[in-house]
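Asks: Sending over model.tsv (TSV, C-alpha atoms).
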```
chain	number	residue	atom	x	y	z
A	155	MET	CA	94.88	-36.23	-6.62
A	156	THR	CA	91.12	-36.01	-6.26
A	157	THR	CA	88.84	-33.97	-8.41
A	158	ALA	CA	85.87	-32.13	-7.05
A	159	GLN	CA	82.61	-33.74	-7.96
A	160	THR	CA	80.12	-31.66	-9.83
A	161	PRO	CA	76.99	-31.25	-7.70
A	162	PRO	CA	73.90	-32.76	-9.30
A	163	VAL	CA	71.76	-30.32	-11.21
A	164	ARG	CA	68.34	-29.88	-9.65
A	165	GLN	CA	65.57	-30.44	-12.11
A	166	PRO	CA	62.75	-27.89	-11.93
A	167	ILE	CA	59.39	-29.19	-10.78
A	168	SER	CA	57.19	-29.83	-13.80
A	169	ASP	CA	53.91	-27.99	-14.24
A	170	THR	CA	52.07	-31.28	-13.77
A	171	TRP	CA	53.56	-31.85	-10.33
A	172	ARG	CA	52.94	-28.22	-9.40
A	173	ALA	CA	49.30	-28.72	-10.41
A	174	VAL	CA	49.14	-31.84	-8.23
A	175	ILE	CA	50.46	-29.83	-5.27
A	176	TRP	CA	47.96	-27.02	-5.85
A	177	MET	CA	45.07	-29.48	-6.18
A	178	SER	CA	46.13	-31.21	-2.98
A	179	GLY	CA	45.73	-27.81	-1.32
A	180	ALA	CA	42.24	-27.49	-2.81
A	181	VAL	CA	41.24	-30.94	-1.54
A	182	VAL	CA	42.46	-30.13	1.98
A	183	SER	CA	40.70	-26.73	1.88
A	184	PHE	CA	37.33	-28.14	0.80
A	185	ILE	CA	37.42	-30.86	3.44
A	186	SER	CA	38.56	-28.38	6.12
A	187	MET	CA	35.62	-26.14	5.25
A	188	ALA	CA	33.20	-29.07	5.64
A	189	ILE	CA	34.63	-30.03	9.05
A	190	ALA	CA	34.59	-26.41	10.22
A	191	GLY	CA	31.04	-25.97	8.94
A	192	ARG	CA	29.87	-28.89	11.04
A	193	ALA	CA	31.74	-27.60	14.08
A	194	VAL	CA	29.94	-24.22	14.06
A	195	SER	CA	26.53	-25.50	12.89
A	196	PHE	CA	25.43	-26.09	16.49
A	197	GLU	CA	25.93	-22.40	17.26
A	198	LEU	CA	25.34	-20.55	13.95
A	199	ASP	CA	22.74	-21.12	11.24
A	200	THR	CA	23.76	-21.31	7.58
A	201	PHE	CA	22.97	-17.64	6.92
A	202	GLU	CA	25.16	-16.56	9.83
A	203	ILE	CA	27.97	-18.85	8.67
A	204	MET	CA	27.79	-17.30	5.19
A	205	MET	CA	27.68	-13.77	6.62
A	206	TRP	CA	30.76	-14.17	8.83
A	207	ARG	CA	32.59	-16.09	6.11
A	208	SER	CA	31.90	-13.28	3.62
A	209	PHE	CA	33.06	-10.58	6.05
A	210	ILE	CA	36.37	-12.41	6.37
A	211	GLY	CA	36.49	-12.80	2.58
A	212	VAL	CA	35.93	-9.06	2.08
A	213	ALA	CA	38.85	-8.27	4.37
A	214	ILE	CA	41.16	-10.71	2.56
A	215	VAL	CA	40.18	-9.58	-0.96
A	216	CYS	CA	40.52	-5.87	-0.07
A	217	ALA	CA	43.95	-6.53	1.43
A	218	VAL	CA	45.07	-8.35	-1.73
A	219	LEU	CA	43.69	-5.61	-4.00
A	220	SER	CA	45.57	-2.98	-2.01
A	221	ALA	CA	48.80	-5.00	-1.84
A	222	ARG	CA	48.79	-5.64	-5.59
A	223	ASN	CA	47.42	-2.21	-6.53
A	224	ARG	CA	44.51	-3.68	-8.53
A	225	TRP	CA	41.62	-1.53	-7.32
A	226	HIS	CA	41.29	-0.03	-10.80
A	227	GLU	CA	39.95	-3.39	-12.00
A	228	VAL	CA	36.91	-3.23	-9.72
A	229	SER	CA	33.92	-1.75	-11.56
A	230	THR	CA	30.12	-1.87	-11.60
A	231	ARG	CA	29.92	-3.18	-15.17
A	232	HIS	CA	27.29	-5.90	-15.62
A	233	MET	CA	26.14	-5.38	-12.04
A	234	GLY	CA	22.86	-7.17	-12.70
A	235	LEU	CA	24.75	-10.27	-13.82
A	236	GLN	CA	27.01	-10.01	-10.77
A	237	VAL	CA	23.95	-9.99	-8.51
A	238	VAL	CA	22.35	-13.01	-10.23
A	239	ARG	CA	25.64	-14.92	-10.12
A	240	ASN	CA	26.10	-14.28	-6.43
A	241	LEU	CA	22.50	-15.13	-5.60
A	242	ALA	CA	23.09	-18.51	-7.28
A	243	HIS	CA	26.32	-19.06	-5.34
A	244	PHE	CA	24.82	-17.82	-2.06
A	245	THR	CA	21.89	-20.22	-2.46
A	246	GLY	CA	24.13	-23.14	-3.42
A	247	GLN	CA	26.56	-22.51	-0.56
A	248	ASN	CA	23.76	-22.27	2.01
A	249	LEU	CA	22.28	-25.55	0.77
A	250	TRP	CA	25.76	-27.11	0.95
A	251	PHE	CA	26.37	-25.96	4.53
A	252	TYR	CA	22.97	-27.36	5.54
A	253	ALA	CA	23.56	-30.67	3.75
A	254	ILE	CA	26.89	-31.35	5.49
A	255	THR	CA	25.11	-31.20	8.85
A	256	VAL	CA	22.37	-33.72	8.08
A	257	ILE	CA	23.79	-36.34	5.67
A	258	PRO	CA	27.18	-38.12	5.44
A	259	LEU	CA	30.03	-36.05	4.02
A	260	ALA	CA	30.64	-38.62	1.28
A	261	GLN	CA	27.09	-38.17	-0.04
A	262	VAL	CA	27.45	-34.39	-0.07
A	263	PHE	CA	30.71	-34.51	-2.05
A	264	ALA	CA	29.39	-37.16	-4.43
A	265	LEU	CA	26.41	-35.02	-5.35
A	266	GLU	CA	28.56	-31.88	-5.50
A	267	PHE	CA	30.62	-33.56	-8.23
A	268	THR	CA	27.57	-33.44	-10.51
A	269	SER	CA	28.06	-29.68	-10.83
A	270	PRO	CA	30.17	-29.92	-14.06
A	271	LEU	CA	27.42	-32.04	-15.60
A	272	TRP	CA	24.81	-29.42	-14.79
A	273	VAL	CA	27.12	-26.91	-16.49
A	274	LEU	CA	26.72	-28.96	-19.68
A	275	VAL	CA	22.95	-28.60	-19.42
A	276	LEU	CA	22.94	-24.89	-18.51
A	277	SER	CA	25.62	-23.68	-20.94
A	278	PRO	CA	23.41	-23.87	-24.05
A	279	LEU	CA	20.72	-21.86	-22.26
A	280	VAL	CA	22.98	-19.18	-20.73
A	281	LEU	CA	26.02	-19.05	-23.03
A	282	GLY	CA	24.57	-20.35	-26.27
A	283	GLU	CA	27.10	-23.19	-26.36
A	284	LYS	CA	26.31	-26.31	-28.34
A	285	LEU	CA	25.18	-29.48	-26.53
A	286	THR	CA	27.18	-32.13	-28.40
A	287	PRO	CA	26.35	-35.85	-28.33
A	288	THR	CA	29.34	-36.48	-26.06
A	289	ARG	CA	28.20	-33.81	-23.63
A	290	GLY	CA	24.70	-35.23	-23.65
A	291	LEU	CA	26.04	-38.74	-22.98
A	292	ALA	CA	28.22	-37.43	-20.14
A	293	ALA	CA	25.18	-35.76	-18.56
A	294	LEU	CA	23.17	-38.99	-18.81
A	295	ILE	CA	25.98	-41.01	-17.23
A	296	GLY	CA	26.20	-38.46	-14.43
A	297	PHE	CA	22.44	-38.66	-13.88
A	298	ALA	CA	22.74	-42.44	-13.56
A	299	GLY	CA	25.39	-41.84	-10.89
A	300	ILE	CA	23.00	-39.53	-9.04
A	301	LEU	CA	20.38	-42.28	-8.96
A	302	ILE	CA	22.93	-44.72	-7.55
A	303	VAL	CA	24.02	-42.29	-4.82
A	304	THR	CA	20.53	-41.19	-3.79
A	305	ARG	CA	18.55	-44.38	-4.60
A	306	PRO	CA	15.38	-42.26	-4.53
A	307	SER	CA	12.49	-43.83	-2.68
A	308	PRO	CA	10.19	-42.74	0.14
A	309	ALA	CA	12.60	-44.43	2.57
A	310	THR	CA	15.88	-42.96	1.31
A	311	LEU	CA	15.02	-39.55	-0.14
A	312	ASN	CA	15.40	-36.76	2.41
A	313	LEU	CA	15.89	-33.01	2.64
A	314	GLY	CA	19.66	-33.33	3.02
A	315	LEU	CA	20.03	-35.16	-0.31
A	316	LEU	CA	17.79	-32.62	-2.05
A	317	CYS	CA	19.83	-29.74	-0.61
A	318	ALA	CA	23.13	-31.32	-1.72
A	319	ALA	CA	21.73	-31.82	-5.22
A	320	GLY	CA	20.40	-28.27	-5.26
A	321	ALA	CA	23.80	-26.97	-4.17
A	322	ALA	CA	25.38	-28.65	-7.21
A	323	VAL	CA	22.92	-26.85	-9.49
A	324	GLY	CA	23.65	-23.54	-7.74
A	325	PHE	CA	27.41	-24.04	-8.17
A	326	ALA	CA	26.93	-24.97	-11.83
A	327	LEU	CA	24.91	-21.82	-12.54
A	328	THR	CA	27.61	-19.84	-10.72
A	329	GLY	CA	30.27	-21.36	-12.96
A	330	VAL	CA	28.35	-20.64	-16.15
A	331	LEU	CA	27.71	-17.01	-15.17
A	332	THR	CA	31.34	-16.63	-14.09
A	333	ARG	CA	32.47	-17.77	-17.52
A	334	ARG	CA	30.19	-15.17	-19.05
A	335	LEU	CA	31.52	-12.42	-16.76
A	336	THR	CA	35.18	-13.23	-17.45
A	337	ARG	CA	34.62	-12.16	-21.06
A	338	THR	CA	34.47	-8.51	-19.97
A	339	VAL	CA	35.63	-8.13	-16.33
A	340	SER	CA	38.69	-9.29	-14.38
A	341	VAL	CA	38.91	-12.08	-11.82
A	342	PHE	CA	39.68	-9.52	-9.09
A	343	CYS	CA	36.45	-7.69	-9.91
A	344	ILE	CA	34.49	-10.94	-9.70
A	345	LEU	CA	36.09	-11.89	-6.37
A	346	PHE	CA	35.41	-8.44	-4.90
A	347	TRP	CA	31.72	-8.52	-5.72
A	348	LEU	CA	31.54	-12.19	-4.68
A	349	THR	CA	32.53	-11.36	-1.12
A	350	VAL	CA	30.76	-7.99	-0.85
A	351	LEU	CA	27.40	-9.08	-2.27
A	352	GLN	CA	27.33	-12.31	-0.29
A	353	ALA	CA	28.16	-10.42	2.88
A	354	ILE	CA	25.10	-8.23	2.16
A	355	PHE	CA	22.91	-11.25	1.38
A	356	GLY	CA	24.11	-12.98	4.54
A	357	LEU	CA	23.47	-9.90	6.68
A	358	ILE	CA	19.92	-9.55	5.31
A	359	CYS	CA	19.03	-13.24	5.70
A	360	ALA	CA	20.69	-13.65	9.10
A	361	GLY	CA	19.26	-10.41	10.50
A	362	TYR	CA	15.70	-10.47	9.17
A	363	ASP	CA	14.48	-11.61	12.61
A	364	GLY	CA	16.62	-9.05	14.44
A	365	ASP	CA	18.80	-11.75	16.00
A	366	ILE	CA	22.33	-12.35	14.69
A	367	ALA	CA	24.50	-14.69	16.73
A	368	LEU	CA	28.12	-13.76	17.38
A	369	PRO	CA	30.65	-16.58	17.15
A	370	SER	CA	31.88	-17.66	20.55
A	371	LEU	CA	35.59	-17.75	21.32
A	372	ALA	CA	35.47	-21.52	20.75
A	373	SER	CA	33.79	-21.14	17.34
A	374	LEU	CA	35.75	-18.14	16.10
A	375	PRO	CA	38.76	-20.15	14.83
A	376	TRP	CA	36.38	-22.41	12.88
A	377	VAL	CA	34.65	-19.39	11.31
A	378	VAL	CA	38.03	-17.94	10.30
A	379	LEU	CA	38.98	-21.33	8.84
A	380	ILE	CA	35.78	-21.37	6.76
A	381	GLY	CA	36.49	-17.90	5.38
A	382	CYS	CA	40.12	-18.64	4.54
A	383	ALA	CA	39.56	-22.18	3.26
A	384	GLY	CA	36.78	-21.07	0.89
A	385	LEU	CA	39.00	-18.53	-0.88
A	386	LEU	CA	42.08	-20.77	-0.75
A	387	ALA	CA	40.22	-23.70	-2.31
A	388	HIS	CA	39.19	-21.69	-5.35
A	389	LEU	CA	42.67	-20.15	-5.67
A	390	CYS	CA	44.26	-23.61	-5.61
A	391	LEU	CA	41.77	-25.02	-8.12
A	392	THR	CA	42.15	-22.09	-10.53
A	393	THR	CA	45.96	-22.19	-10.32
A	394	ALA	CA	46.05	-25.96	-10.88
A	395	LEU	CA	43.89	-25.65	-14.00
A	396	SER	CA	46.26	-22.99	-15.32
A	397	LEU	CA	49.22	-25.37	-14.96
A	398	ALA	CA	47.84	-28.68	-16.23
A	399	PRO	CA	44.93	-30.01	-18.31
A	400	ALA	CA	41.62	-30.76	-16.66
A	401	THR	CA	42.22	-34.45	-17.40
A	402	VAL	CA	45.05	-34.31	-14.86
A	403	VAL	CA	43.48	-31.93	-12.35
A	404	MET	CA	39.94	-33.29	-11.97
A	405	PRO	CA	40.86	-36.87	-10.94
A	406	ILE	CA	42.84	-35.35	-8.05
A	407	ASP	CA	39.79	-33.33	-7.01
A	408	PHE	CA	37.77	-36.57	-6.83
A	409	ALA	CA	40.15	-37.73	-4.08
A	410	ARG	CA	37.94	-35.62	-1.84
A	411	LEU	CA	35.29	-38.34	-1.86
A	412	PRO	CA	37.21	-41.27	-0.30
A	413	LEU	CA	38.91	-38.85	2.10
A	414	ALA	CA	35.52	-37.45	3.12
A	415	ALA	CA	34.20	-40.99	3.60
A	416	ILE	CA	37.16	-41.91	5.83
A	417	ILE	CA	36.95	-38.68	7.84
A	418	GLY	CA	33.19	-39.09	8.22
A	419	ALA	CA	33.69	-42.62	9.54
A	420	MET	CA	36.47	-41.60	11.94
A	421	LEU	CA	35.04	-38.33	13.31
A	422	TYR	CA	31.29	-38.81	13.00
A	423	ALA	CA	30.84	-42.61	12.88
A	424	GLU	CA	29.24	-42.35	9.42
A	425	PRO	CA	28.85	-45.70	7.62
A	426	LEU	CA	30.93	-46.35	4.51
A	427	ASP	CA	28.18	-46.77	1.91
A	428	PRO	CA	29.44	-48.72	-1.14
A	429	TYR	CA	26.58	-47.32	-3.26
A	430	VAL	CA	27.85	-43.77	-2.66
A	431	LEU	CA	31.35	-44.75	-3.81
A	432	LEU	CA	29.94	-46.62	-6.83
A	433	GLY	CA	27.69	-43.71	-7.80
A	434	ALA	CA	30.56	-41.27	-7.41
A	435	ALA	CA	32.68	-43.43	-9.72
A	436	VAL	CA	29.91	-43.31	-12.34
A	437	ILE	CA	29.62	-39.51	-11.94
A	438	PHE	CA	33.39	-39.24	-12.32
A	439	GLY	CA	33.19	-41.37	-15.48
A	440	GLY	CA	30.68	-38.96	-17.02
A	441	ASN	CA	32.81	-35.96	-16.12
A	442	TYR	CA	36.02	-37.53	-17.38
A	443	LEU	CA	34.44	-38.63	-20.66
A	444	ASN	CA	33.51	-35.04	-21.43
A	445	ILE	CA	36.90	-33.64	-20.34
A	446	TRP	CA	38.78	-36.27	-22.38
A	447	LYS	CA	36.71	-35.56	-25.49
A	448	GLU	CA	37.02	-31.79	-25.16
A	449	THR	CA	40.80	-31.87	-24.67
A	450	ARG	CA	41.28	-34.22	-27.64
A	451	ALA	CA	39.19	-31.88	-29.79
```
Show me the file's structure as structure tokens.
Replies:
Amino acid sequence: MTTAQTPPVRQPISDTWRAVIWMSGAVVSFISMAIAGRAVSFELDTFEIMMWRSFIGVAIVCAVLSARNRWHEVSTRHMGLQVVRNLAHFTGQNLWFYAITVIPLAQVFALEFTSPLWVLVLSPLVLGEKLTPTRGLAALIGFAGILIVTRPSPATLNLGLLCAAGAAVGFALTGVLTRRLTRTVSVFCILFWLTVLQAIFGLICAGYDGDIALPSLASLPWVVLIGCAGLLAHLCLTTALSLAPATVVMPIDFARLPLAAIIGAMLYAEPLDPYVLLGAAVIFGGNYLNIWKETRA
């Protein structure tokens, strides 16, 4: 007489593994946006890319607000701060889109990873937060990584590197102002004004000369990918940080760099520069030191 075997009990996926999955989505989204940005850069300038991306973002955010019945959260409170925040992000994103067309992807991502270190510098000025010795050391380590990546000299310093570095500052200021806004307004309100204001900025900057290019049928899928990937990347990153500590999440985000280096070599014949990888490792060390110290505290 045989007895029925009890089926094995499925263990639920831990929050850590769920965070890993979400961060993998963010990594894929950021890299997809870079590839798509390069694909349309021969037809659209950075202002036009931002304008079309923002129009798509407005449609997506409005659809989500309607589906979840969250329109009551959208308000005009702190509108001046919303405008300044989105000007910072609009500037940083335009610099980023330009940088990915003129320098290797690995360099762009390496310099983008300095954004959390710029947050350490800007937070005392904007939020009144204290600059601790550990935060100061992390910023100095990150600056050393910047020097390794860029190796500034008349022969190596170029507009693309400066734009990538400027984009990191723009993203850092965006993050600091976002933190300030979240004290009084909801995330849905921030996302709504993010897409609407940047659509307006893009329309003004792209149309100041009276000539706005329409995406061709060949470029349209890439433009849609940019719009979707931009929102998806931030959704994945935010969700991952809600599931696991930054000490777990951020190392996964740094996987973008070697992936970008490999994709750049395969698709665009970009050289694998060991100094970029070394500098990125130093930048990561500065970031991780601060995260580790903050989480232990």
Asks: For the interface of region 233-300 of chain A with region 438-451 of chain A (cut-off 10 Å, counting all atoms listed in the file), please tabulate each contacting residue of region 233-300 of chain A alongside its nearest pair of atoms and their separation in Å to one decimal, rows sorted by chain and increasing number, as a Markdown table.
Replies:
```
| residue | atom | partner | partner_atom | distance |
| --- | --- | --- | --- | --- |
| A:Ala264 | CA | A:Phe438 | CA | 9.1 |
| A:Phe267 | CA | A:Phe438 | CA | 7.5 |
| A:Thr268 | CA | A:Asn441 | CA | 8.1 |
| A:Ser269 | CA | A:Asn441 | CA | 9.5 |
| A:Pro270 | CA | A:Asn441 | CA | 6.9 |
| A:Leu271 | CA | A:Asn441 | CA | 6.7 |
| A:Leu274 | CA | A:Asn444 | CA | 9.3 |
| A:Thr286 | CA | A:Asn444 | CA | 9.9 |
| A:Pro287 | CA | A:Asn444 | CA | 10.0 |
| A:Thr288 | CA | A:Asn444 | CA | 6.4 |
| A:Arg289 | CA | A:Asn444 | CA | 5.9 |
| A:Gly290 | CA | A:Asn444 | CA | 9.1 |
| A:Leu291 | CA | A:Gly440 | CA | 7.6 |
| A:Ala292 | CA | A:Gly440 | CA | 4.3 |
| A:Ala293 | CA | A:Gly440 | CA | 6.5 |
| A:Leu294 | CA | A:Gly440 | CA | 7.7 |
| A:Ile295 | CA | A:Gly440 | CA | 5.1 |
| A:Gly296 | CA | A:Gly440 | CA | 5.2 |
| A:Phe297 | CA | A:Gly440 | CA | 8.8 |
| A:Ala298 | CA | A:Gly440 | CA | 9.3 |
| A:Gly299 | CA | A:Phe438 | CA | 8.5 |
```
Asks: Go ahead and save the residues from that selection, with C-alpha atoms, as a PDB file, keeping the file's coordinate frame.
Replies:
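Wrote it out as part_34.pdb, contents follow:
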```pdb
ATOM      1  CA  ALA A 264      29.390 -37.160  -4.430  1.00  0.00           C
ATOM      2  CA  PHE A 267      30.620 -33.560  -8.230  1.00  0.00           C
ATOM      3  CA  THR A 268      27.570 -33.440 -10.510  1.00  0.00           C
ATOM      4  CA  SER A 269      28.060 -29.680 -10.830  1.00  0.00           C
ATOM      5  CA  PRO A 270      30.170 -29.920 -14.060  1.00  0.00           C
ATOM      6  CA  LEU A 271      27.420 -32.040 -15.600  1.00  0.00           C
ATOM      7  CA  LEU A 274      26.720 -28.960 -19.680  1.00  0.00           C
ATOM      8  CA  THR A 286      27.180 -32.130 -28.400  1.00  0.00           C
ATOM      9  CA  PRO A 287      26.350 -35.850 -28.330  1.00  0.00           C
ATOM     10  CA  THR A 288      29.340 -36.480 -26.060  1.00  0.00           C
ATOM     11  CA  ARG A 289      28.200 -33.810 -23.630  1.00  0.00           C
ATOM     12  CA  GLY A 290      24.700 -35.230 -23.650  1.00  0.00           C
ATOM     13  CA  LEU A 291      26.040 -38.740 -22.980  1.00  0.00           C
ATOM     14  CA  ALA A 292      28.220 -37.430 -20.140  1.00  0.00           C
ATOM     15  CA  ALA A 293      25.180 -35.760 -18.560  1.00  0.00           C
ATOM     16  CA  LEU A 294      23.170 -38.990 -18.810  1.00  0.00           C
ATOM     17  CA  ILE A 295      25.980 -41.010 -17.230  1.00  0.00           C
ATOM     18  CA  GLY A 296      26.200 -38.460 -14.430  1.00  0.00           C
ATOM     19  CA  PHE A 297      22.440 -38.660 -13.880  1.00  0.00           C
ATOM     20  CA  ALA A 298      22.740 -42.440 -13.560  1.00  0.00           C
ATOM     21  CA  GLY A 299      25.390 -41.840 -10.890  1.00  0.00           C
TER      22      GLY A 299
END
```
Asks: Name all residues at most 12 Å from Ser373 (chain A) (count only C-alpha atoms; drop same-chain ones fewer than 4 positions away) and give them as a PDB file with C-alpha atoms, keeping the file's coordinate frame.
Replies:
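The resulting out_11.pdb:
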```pdb
ATOM      1  CA  ALA A 190      34.590 -26.410  10.220  1.00  0.00           C
ATOM      2  CA  GLY A 191      31.040 -25.970   8.940  1.00  0.00           C
ATOM      3  CA  ARG A 192      29.870 -28.890  11.040  1.00  0.00           C
ATOM      4  CA  ALA A 193      31.740 -27.600  14.080  1.00  0.00           C
ATOM      5  CA  VAL A 194      29.940 -24.220  14.060  1.00  0.00           C
ATOM      6  CA  SER A 195      26.530 -25.500  12.890  1.00  0.00           C
ATOM      7  CA  PHE A 196      25.430 -26.090  16.490  1.00  0.00           C
ATOM      8  CA  GLU A 197      25.930 -22.400  17.260  1.00  0.00           C
ATOM      9  CA  LEU A 198      25.340 -20.550  13.950  1.00  0.00           C
ATOM     10  CA  ILE A 203      27.970 -18.850   8.670  1.00  0.00           C
ATOM     11  CA  TRP A 206      30.760 -14.170   8.830  1.00  0.00           C
ATOM     12  CA  ALA A 367      24.500 -14.690  16.730  1.00  0.00           C
ATOM     13  CA  LEU A 368      28.120 -13.760  17.380  1.00  0.00           C
ATOM     14  CA  PRO A 369      30.650 -16.580  17.150  1.00  0.00           C
ATOM     15  CA  VAL A 377      34.650 -19.390  11.310  1.00  0.00           C
ATOM     16  CA  VAL A 378      38.030 -17.940  10.300  1.00  0.00           C
ATOM     17  CA  LEU A 379      38.980 -21.330   8.840  1.00  0.00           C
ATOM     18  CA  ILE A 380      35.780 -21.370   6.760  1.00  0.00           C
TER      19      ILE A 380
END
```
Asks: Can you report as lines of an AutoDock Vina configuration file the centre and edge lengths in Å, to one decimal, of an axis-aligned box around the listed atoms of region 275-288 of chain A padded with 4 Å on each side?
Replies:
```
center_x = 25.0
center_y = -27.8
center_z = -23.5
size_x = 16.6
size_y = 25.4
size_z = 17.9
```
Asks: Got a sec to check which residues sit within 12 Å of (20.8, -35.4, -5.0), counting all atoms listed in the file, and write them as a PyMOL selection string?
Replies: chain A and resi 249-250+253+257+261-269+296-306+310-323+430+433-434+437
Asks: Take the residues from that selection and write them out as a CSV table (one decimal), in the frame of the given file, keeping C-alpha atoms.
Replies:
```csv
chain,number,residue,atom,x,y,z
A,249,LEU,CA,22.3,-25.6,0.8
A,250,TRP,CA,25.8,-27.1,1.0
A,253,ALA,CA,23.6,-30.7,3.8
A,257,ILE,CA,23.8,-36.3,5.7
A,261,GLN,CA,27.1,-38.2,0.0
A,262,VAL,CA,27.4,-34.4,-0.1
A,263,PHE,CA,30.7,-34.5,-2.0
A,264,ALA,CA,29.4,-37.2,-4.4
A,265,LEU,CA,26.4,-35.0,-5.4
A,266,GLU,CA,28.6,-31.9,-5.5
A,267,PHE,CA,30.6,-33.6,-8.2
A,268,THR,CA,27.6,-33.4,-10.5
A,269,SER,CA,28.1,-29.7,-10.8
A,296,GLY,CA,26.2,-38.5,-14.4
A,297,PHE,CA,22.4,-38.7,-13.9
A,298,ALA,CA,22.7,-42.4,-13.6
A,299,GLY,CA,25.4,-41.8,-10.9
A,300,ILE,CA,23.0,-39.5,-9.0
A,301,LEU,CA,20.4,-42.3,-9.0
A,302,ILE,CA,22.9,-44.7,-7.6
A,303,VAL,CA,24.0,-42.3,-4.8
A,304,THR,CA,20.5,-41.2,-3.8
A,305,ARG,CA,18.6,-44.4,-4.6
A,306,PRO,CA,15.4,-42.3,-4.5
A,310,THR,CA,15.9,-43.0,1.3
A,311,LEU,CA,15.0,-39.6,-0.1
A,312,ASN,CA,15.4,-36.8,2.4
A,313,LEU,CA,15.9,-33.0,2.6
A,314,GLY,CA,19.7,-33.3,3.0
A,315,LEU,CA,20.0,-35.2,-0.3
A,316,LEU,CA,17.8,-32.6,-2.0
A,317,CYS,CA,19.8,-29.7,-0.6
A,318,ALA,CA,23.1,-31.3,-1.7
A,319,ALA,CA,21.7,-31.8,-5.2
A,320,GLY,CA,20.4,-28.3,-5.3
A,321,ALA,CA,23.8,-27.0,-4.2
A,322,ALA,CA,25.4,-28.6,-7.2
A,323,VAL,CA,22.9,-26.8,-9.5
A,430,VAL,CA,27.8,-43.8,-2.7
A,433,GLY,CA,27.7,-43.7,-7.8
A,434,ALA,CA,30.6,-41.3,-7.4
A,437,ILE,CA,29.6,-39.5,-11.9
```
Asks: Give me, please, the distance in Å between CA of Ala326 (chain A) and CA of Gln247 (chain A), quoted to one decimal.
Replies: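 Computed distance, CA of Ala326 (chain A) to CA of Gln247 (chain A), equals 11.5 Å.
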Asks: CA of Pro428 (chain A) and CA of Phe408 (chain A), how far apart in Å?
Replies: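 Going from CA of Phe408 (chain A) over to CA of Pro428 (chain A), I get 15.8 Å.
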Asks: From the list A:Val238, A:Ala217, A:Val256, A:Leu385, which residue is nearest Arg334 (chain A) when using only C-alpha atoms?
Replies: A:Val238
Asks: Between CA of Leu357 (chain A) and CA of Asp199 (chain A), what is the distance, to one decimal in Å?
Replies: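 These atoms are spaced 12.1 Å apart.
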Asks: Between A:His232, A:Arg410, A:Arg239, A:His226, which is the closest to Arg337 (chain A) once you count all atoms listed in the file?
Replies: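 Smallest distance to Arg337 (chain A) is found for A:His232.
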Asks: Between A:Leu426, A:Ala394, A:Met404, A:Ile354, which one has atoms that come closest to Ser208 (chain A), using only C-alpha atoms?
Replies: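 Closest residue, counting only C-alpha atoms: A:Ile354.
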